[in-house]
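Peer 1: What follows is structure-v1.cif; its format and atoms are mmCIF, C-alpha atoms.
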data_input
loop_
_atom_site.group_PDB
_atom_site.id
_atom_site.type_symbol
_atom_site.label_atom_id
_atom_site.label_comp_id
_atom_site.auth_asym_id
_atom_site.auth_seq_id
_atom_site.Cartn_x
_atom_site.Cartn_y
_atom_site.Cartn_z
ATOM 1 C CA THR A 1 122.486 146.995 -5.451
ATOM 2 C CA PRO A 2 122.383 148.735 -8.823
ATOM 3 C CA PRO A 3 119.189 150.670 -7.935
ATOM 4 C CA LEU A 4 121.060 152.185 -4.980
ATOM 5 C CA VAL A 5 124.274 153.013 -6.859
ATOM 6 C CA LEU A 6 122.823 154.302 -10.154
ATOM 7 C CA PRO A 7 121.326 157.624 -8.956
ATOM 8 C CA GLY A 8 124.575 158.737 -7.342
ATOM 9 C CA ALA A 9 126.611 157.796 -10.422
ATOM 10 C CA ILE A 10 124.287 159.723 -12.753
ATOM 11 C CA SER A 11 124.187 162.755 -10.453
ATOM 12 C CA SER A 12 127.961 162.804 -9.989
ATOM 13 C CA LEU A 13 128.599 162.602 -13.720
ATOM 14 C CA ALA A 14 126.070 165.352 -14.425
ATOM 15 C CA SER A 15 127.754 167.494 -11.794
ATOM 16 C CA ILE A 16 131.172 167.132 -13.431
ATOM 17 C CA VAL A 17 129.907 167.760 -16.945
ATOM 18 C CA ASN A 18 127.757 170.760 -15.985
ATOM 19 C CA SER A 19 130.088 172.443 -13.512
ATOM 20 C CA ALA A 20 132.199 175.231 -14.990
ATOM 21 C CA GLY A 21 134.517 175.062 -11.984
ATOM 22 C CA ASP A 22 135.646 171.557 -12.858
ATOM 23 C CA TYR A 23 136.764 172.632 -16.307
ATOM 24 C CA GLN A 24 138.155 176.061 -15.429
ATOM 25 C CA VAL A 25 141.766 175.041 -16.053
ATOM 26 C CA GLN A 26 140.955 173.630 -19.473
ATOM 27 C CA ALA A 27 138.854 176.721 -20.262
ATOM 28 C CA ALA A 28 141.814 178.976 -19.426
ATOM 29 C CA TRP A 29 144.241 176.870 -21.463
ATOM 30 C CA MET A 30 141.942 176.776 -24.499
ATOM 31 C CA GLY A 31 141.334 180.515 -24.420
ATOM 32 C CA TYR A 32 137.667 180.383 -23.434
ATOM 33 C CA TRP A 33 138.573 182.357 -20.321
ATOM 34 C CA ASN A 34 141.090 185.143 -20.249
ATOM 35 C CA TYR A 35 142.916 187.018 -17.522
ATOM 36 C CA SER A 36 142.270 190.675 -16.963
ATOM 37 C CA GLY A 37 144.785 193.087 -15.526
ATOM 38 C CA GLY A 38 144.939 193.039 -11.754
ATOM 39 C CA TYR A 39 143.308 189.616 -11.479
ATOM 40 C CA SER A 40 145.357 186.867 -9.907
ATOM 41 C CA PHE A 41 144.597 183.323 -10.999
ATOM 42 C CA ASN A 42 146.397 180.111 -10.082
ATOM 43 C CA GLN A 43 149.950 180.794 -11.284
ATOM 44 C CA THR A 44 150.638 177.204 -12.400
ATOM 45 C CA VAL A 45 147.489 177.274 -14.531
ATOM 46 C CA GLN A 46 148.514 180.579 -16.094
ATOM 47 C CA GLU A 47 151.891 179.079 -16.962
ATOM 48 C CA TYR A 48 150.428 175.789 -18.295
ATOM 49 C CA VAL A 49 152.106 173.738 -15.581
ATOM 50 C CA MET A 50 150.462 170.538 -14.356
ATOM 51 C CA THR A 51 151.562 169.302 -10.946
ATOM 52 C CA ASN A 52 150.082 166.744 -8.605
ATOM 53 C CA SER A 53 148.318 169.588 -6.778
ATOM 54 C CA SER A 54 146.898 171.250 -9.914
ATOM 55 C CA PRO A 55 143.148 171.105 -10.463
ATOM 56 C CA GLN A 56 142.256 167.992 -12.438
ATOM 57 C CA LEU A 57 139.343 165.712 -13.261
ATOM 58 C CA TRP A 58 141.075 162.342 -13.073
ATOM 59 C CA ASP A 59 139.862 161.352 -9.604
ATOM 60 C CA ASN A 60 136.314 162.558 -10.232
ATOM 61 C CA TYR A 61 135.824 160.375 -13.288
ATOM 62 C CA TYR A 62 137.524 157.303 -11.829
ATOM 63 C CA GLY A 63 135.389 157.648 -8.693
ATOM 64 C CA ILE A 64 132.258 157.468 -10.830
ATOM 65 C CA LEU A 65 133.742 154.641 -12.890
ATOM 66 C CA THR A 66 134.325 152.658 -9.693
ATOM 67 C CA ASN A 67 130.623 152.912 -8.845
ATOM 68 C CA LEU A 68 129.615 152.035 -12.404
ATOM 69 C CA ASN A 69 131.933 149.030 -12.204
ATOM 70 C CA VAL A 70 129.999 147.823 -9.131
ATOM 71 C CA ILE A 71 126.775 148.028 -11.158
ATOM 72 C CA LYS A 72 128.394 146.190 -14.058
ATOM 73 C CA GLN A 73 129.746 143.408 -11.816
ATOM 74 C CA GLN A 74 126.337 142.880 -10.232
ATOM 75 C CA ALA A 75 124.662 142.888 -13.644
ATOM 76 C CA ASN A 76 127.153 140.255 -14.845
ATOM 77 C CA SER A 77 126.383 138.028 -11.851
ATOM 78 C CA ASN A 78 122.602 138.592 -11.860
ATOM 79 C CA ALA A 79 120.891 138.723 -15.277
ATOM 80 C CA ALA A 80 117.921 140.561 -13.756
ATOM 81 C CA TYR A 81 120.133 143.667 -13.588
ATOM 82 C CA SER A 82 121.351 143.552 -17.200
ATOM 83 C CA GLN A 83 119.570 146.789 -18.152
ATOM 84 C CA TYR A 84 121.465 148.467 -15.327
ATOM 85 C CA GLY A 85 124.645 147.008 -16.785
ATOM 86 C CA ALA A 86 123.807 148.500 -20.184
ATOM 87 C CA ILE A 87 123.185 151.910 -18.589
ATOM 88 C CA ALA A 88 126.476 151.580 -16.689
ATOM 89 C CA ASP A 89 128.226 150.901 -20.012
ATOM 90 C CA VAL A 90 126.762 154.083 -21.515
ATOM 91 C CA LEU A 91 127.821 156.192 -18.533
ATOM 92 C CA SER A 92 131.260 154.539 -18.449
ATOM 93 C CA ALA A 93 131.724 155.381 -22.113
ATOM 94 C CA ILE A 94 131.061 159.041 -21.338
ATOM 95 C CA CYS A 95 133.575 158.994 -18.485
ATOM 96 C CA PHE A 96 136.297 157.278 -20.508
ATOM 97 C CA GLN A 97 135.604 159.444 -23.555
ATOM 98 C CA ASN A 98 136.095 162.573 -21.456
ATOM 99 C CA LEU A 99 139.240 161.150 -19.855
ATOM 100 C CA VAL A 100 140.722 160.353 -23.272
ATOM 101 C CA ASP A 101 139.711 163.792 -24.555
ATOM 102 C CA LEU A 102 141.509 165.389 -21.608
ATOM 103 C CA TYR A 103 144.550 163.149 -21.129
ATOM 104 C CA GLU A 104 144.812 160.949 -24.289
ATOM 105 C CA ASN A 105 146.270 157.687 -22.896
ATOM 106 C CA VAL A 106 144.637 156.531 -19.649
ATOM 107 C CA PRO A 107 144.232 153.319 -17.652
ATOM 108 C CA TYR A 108 141.368 151.400 -19.235
ATOM 109 C CA SER A 109 141.736 147.660 -19.784
ATOM 110 C CA GLN A 110 143.623 147.195 -16.498
ATOM 111 C CA ALA A 111 141.724 149.885 -14.553
ATOM 112 C CA LEU A 112 139.119 149.418 -11.825
ATOM 113 C CA LYS A 113 140.585 146.205 -10.427
ATOM 114 C CA GLY A 114 141.056 147.641 -6.934
ATOM 115 C CA SER A 115 143.730 145.988 -4.847
ATOM 116 C CA ASN A 116 144.344 143.451 -7.621
ATOM 117 C CA ASN A 117 146.183 146.098 -9.623
ATOM 118 C CA PHE A 118 147.456 149.260 -7.957
ATOM 119 C CA PHE A 119 149.448 150.285 -11.047
ATOM 120 C CA PRO A 120 147.315 149.722 -14.157
ATOM 121 C CA GLY A 121 148.914 150.237 -17.526
ATOM 122 C CA TYR A 122 147.819 152.989 -19.871
ATOM 123 C CA ASP A 123 145.906 152.198 -23.053
ATOM 124 C CA LYS A 124 146.133 154.246 -26.233
ATOM 125 C CA GLY A 125 143.287 156.715 -26.618
ATOM 126 C CA SER A 126 142.392 155.429 -30.087
ATOM 127 C CA ASP A 127 142.130 151.856 -28.766
ATOM 128 C CA ILE A 128 139.875 153.051 -25.948
ATOM 129 C CA TYR A 129 137.593 154.850 -28.428
ATOM 130 C CA ASP A 130 137.319 151.649 -30.505
ATOM 131 C CA SER A 131 136.430 149.616 -27.431
ATOM 132 C CA LEU A 132 133.883 152.193 -26.266
ATOM 133 C CA THR A 133 132.178 152.153 -29.661
ATOM 134 C CA ALA A 134 131.784 148.375 -29.461
ATOM 135 C CA LYS A 135 130.462 148.573 -25.883
ATOM 136 C CA LEU A 136 127.991 151.279 -26.829
ATOM 137 C CA ASP A 137 126.719 149.159 -29.735
ATOM 138 C CA LEU A 138 126.108 146.254 -27.330
ATOM 139 C CA ALA A 139 124.433 148.558 -24.799
ATOM 140 C CA ILE A 140 122.125 149.978 -27.473
ATOM 141 C CA ALA A 141 121.136 146.449 -28.547
ATOM 142 C CA LYS A 142 120.402 145.460 -24.942
ATOM 143 C CA LEU A 143 118.478 148.660 -24.168
ATOM 144 C CA SER A 144 116.426 148.226 -27.343
ATOM 145 C CA ASN A 145 115.393 144.643 -26.516
ATOM 146 C CA PRO A 146 114.563 144.266 -22.808
ATOM 147 C CA VAL A 147 113.632 140.817 -21.529
ATOM 148 C CA ALA A 148 110.603 140.396 -19.259
ATOM 149 C CA ALA A 149 112.681 138.943 -16.402
ATOM 150 C CA GLU A 150 114.962 142.007 -16.254
ATOM 151 C CA ILE A 151 114.493 144.727 -13.667
ATOM 152 C CA ILE A 152 113.830 148.031 -15.409
ATOM 153 C CA PRO A 153 115.033 151.146 -13.584
ATOM 154 C CA GLY A 154 112.357 153.490 -12.332
ATOM 155 C CA SER A 155 112.727 156.472 -10.034
ATOM 156 C CA ASP A 156 116.325 155.418 -9.336
ATOM 157 C CA ASP A 157 117.089 156.470 -12.915
ATOM 158 C CA VAL A 158 117.296 160.215 -12.290
ATOM 159 C CA LEU A 159 118.013 160.949 -15.944
ATOM 160 C CA PHE A 160 115.344 159.120 -17.961
ATOM 161 C CA SER A 161 113.112 157.516 -15.272
ATOM 162 C CA GLY A 162 113.689 154.067 -16.721
ATOM 163 C CA ASN A 163 112.806 154.957 -20.310
ATOM 164 C CA LEU A 164 115.113 152.499 -22.063
ATOM 165 C CA ALA A 165 114.399 153.945 -25.503
ATOM 166 C CA ASN A 166 115.750 157.295 -24.319
ATOM 167 C CA TRP A 167 118.850 155.537 -22.966
ATOM 168 C CA ALA A 168 119.359 153.888 -26.355
ATOM 169 C CA TYR A 169 118.989 157.235 -28.143
ATOM 170 C CA PHE A 170 121.374 158.826 -25.649
ATOM 171 C CA ALA A 171 123.922 156.028 -26.124
ATOM 172 C CA ASN A 172 123.714 156.574 -29.869
ATOM 173 C CA THR A 173 124.636 160.241 -29.433
ATOM 174 C CA VAL A 174 127.685 159.348 -27.345
#
Spit out the file's structure as structure tokens when you get a sec.

Peer 2:
Amino acid sequence: TPPLVLPGAISSLASIVNSAGDYQVQAAWMGYWNYSGGYSFNQTVQEYVMTNSSPQLWDNYYGILTNLNVIKQQANSNAAYSQYGAIADVLSAICFQNLVDLYENVPYSQALKGSNNFFPGYDKGSDIYDSLTAKLDLAIAKLSNPVAAEIIPGSDDVLFSGNLANWAYFANTV
């Protein structure tokens, strides 16, 4: 259920965003980190070479997006979980925004379909940003107007403890 999936999704996303190790390759490429004499770093990173064994963030984000998709599907089939669906949209927007920032064109509209589509097409980054903006606007509207019959997250929301106003403010900053 969404209350069981949400804490892991939030924690995993926070771990990626706050972990310097996950972004060490990008930090080296952008000049935030530099190599000192006598220090040996991953040679392919030093030479700006991406291979299928190079450090990357693709799998981490799509793993979180898979869990958020479960929340979204359950929210779509059970209106009581629609606030969870709105939160999942906010977190998904962060994941896709970071993927587009890192890779530009990524699977989006055809992604997260499991065995129904093993080879999703890539969407243009600008189109993804436009779609995310629209989804965030809808999420903010939903978070700002909860309905009495909806289940409001509580301790399972490890970020804002179910404070929907804070989620709406957060979504606005994304």

Peer 1: Tell me, in Å to one decimal, how far atom CA of Leu138 of chain A is from atom CA of Ile94 of chain A.

Peer 2: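 So the answer is 15.0 Å.
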
Peer 1: Can you tell me which residues surround Val100 of chain A at a distance of at most 12 Å, considering only C-alpha atoms, apart from same-chain residues fewer than 3 positions away, and format the answer as a PDB file with C-alpha atoms, keeping the file's coordinate frame?

Peer 2:
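File around.pdb, as written:
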ATOM      1  CA  LEU A  57     139.343 165.712 -13.261  1.00  0.00           C
ATOM      2  CA  TRP A  58     141.075 162.342 -13.073  1.00  0.00           C
ATOM      3  CA  TYR A  61     135.824 160.375 -13.288  1.00  0.00           C
ATOM      4  CA  ALA A  93     131.724 155.381 -22.113  1.00  0.00           C
ATOM      5  CA  ILE A  94     131.061 159.041 -21.338  1.00  0.00           C
ATOM      6  CA  CYS A  95     133.575 158.994 -18.485  1.00  0.00           C
ATOM      7  CA  PHE A  96     136.297 157.278 -20.508  1.00  0.00           C
ATOM      8  CA  GLN A  97     135.604 159.444 -23.555  1.00  0.00           C
ATOM      9  CA  TYR A 103     144.550 163.149 -21.129  1.00  0.00           C
ATOM     10  CA  GLU A 104     144.812 160.949 -24.289  1.00  0.00           C
ATOM     11  CA  ASN A 105     146.270 157.687 -22.896  1.00  0.00           C
ATOM     12  CA  VAL A 106     144.637 156.531 -19.649  1.00  0.00           C
ATOM     13  CA  PRO A 107     144.232 153.319 -17.652  1.00  0.00           C
ATOM     14  CA  TYR A 108     141.368 151.400 -19.235  1.00  0.00           C
ATOM     15  CA  TYR A 122     147.819 152.989 -19.871  1.00  0.00           C
ATOM     16  CA  ASP A 123     145.906 152.198 -23.053  1.00  0.00           C
ATOM     17  CA  LYS A 124     146.133 154.246 -26.233  1.00  0.00           C
ATOM     18  CA  GLY A 125     143.287 156.715 -26.618  1.00  0.00           C
ATOM     19  CA  SER A 126     142.392 155.429 -30.087  1.00  0.00           C
ATOM     20  CA  ASP A 127     142.130 151.856 -28.766  1.00  0.00           C
ATOM     21  CA  ILE A 128     139.875 153.051 -25.948  1.00  0.00           C
ATOM     22  CA  TYR A 129     137.593 154.850 -28.428  1.00  0.00           C
ATOM     23  CA  ASP A 130     137.319 151.649 -30.505  1.00  0.00           C
ATOM     24  CA  LEU A 132     133.883 152.193 -26.266  1.00  0.00           C
TER      25      LEU A 132
END

Peer 1: For this structure, which residues satisfy the selection - the PyMOL selection byres ((chain A and resi 79-86) around 7) - when it is evaluated on the file as given? I want them as a list in words.

Peer 2: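 Taken over the shown coordinates, the PyMOL selection byres ((chain A and resi 79-86) around 7) returns Pro2, Ile71, Lys72, Ala75, Asn76, Ser77, Asn78, Ile87, Ala88, Asp89, Val90, Ala139, Lys142, Leu143, Ala149, Glu150, Ile151 and Ile152 of chain A.
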
Peer 1: Between atom CA of Asp156 of chain A and atom CA of Leu6 of chain A, what is the distance in Å, rounded to a tenth?

Peer 2: 6.6 Å

Peer 1: I need the residue nearest Leu4 of chain A from this list: A:Val147, A:Ile16, A:Val70, A:Leu91. Use only C-alpha atoms for the distance.

Peer 2: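 Nearest to Leu4 of chain A: A:Val70.
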
Peer 1: Would you please work out which residue, of A:Met50, A:Pro7, A:Gln110, A:Phe119, is nearest to Ile64 of chain A when using only C-alpha atoms?

Peer 2: A:Pro7

Peer 1: Between A:Gly31, A:Leu65, A:Gln46, A:Thr173, which one has atoms that come closest to Gly114 of chain A, using all atoms listed in the file?

Peer 2: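 Looking at the shortest contact to Gly114 of chain A, the residue is A:Leu65.
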
Peer 1: Name all residues at most 10 Å from Asn166 of chain A (count all atoms listed in the file; drop same-chain ones fewer than 6 positions away) and give them as a list in words.

Peer 2: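 What passes the distance filter is Leu143, Ser144, Leu159, Phe160 and Asn172 of chain A.
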
Peer 1: Kindly give the distance, in Å, that separates atom CA of Gly8 of chain A and atom CA of Thr66 of chain A, rounded to a single decimal.

Peer 2: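 Atom CA of Thr66 of chain A lies 11.7 Å from atom CA of Gly8 of chain A.
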
Peer 1: Nearest residue to Ala14 of chain A out of A:Gln73, A:Asn34, A:Thr44, A:Asn60, using all atoms listed in the file?

Peer 2: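 Of all the options, A:Asn60 lies closest to Ala14 of chain A.
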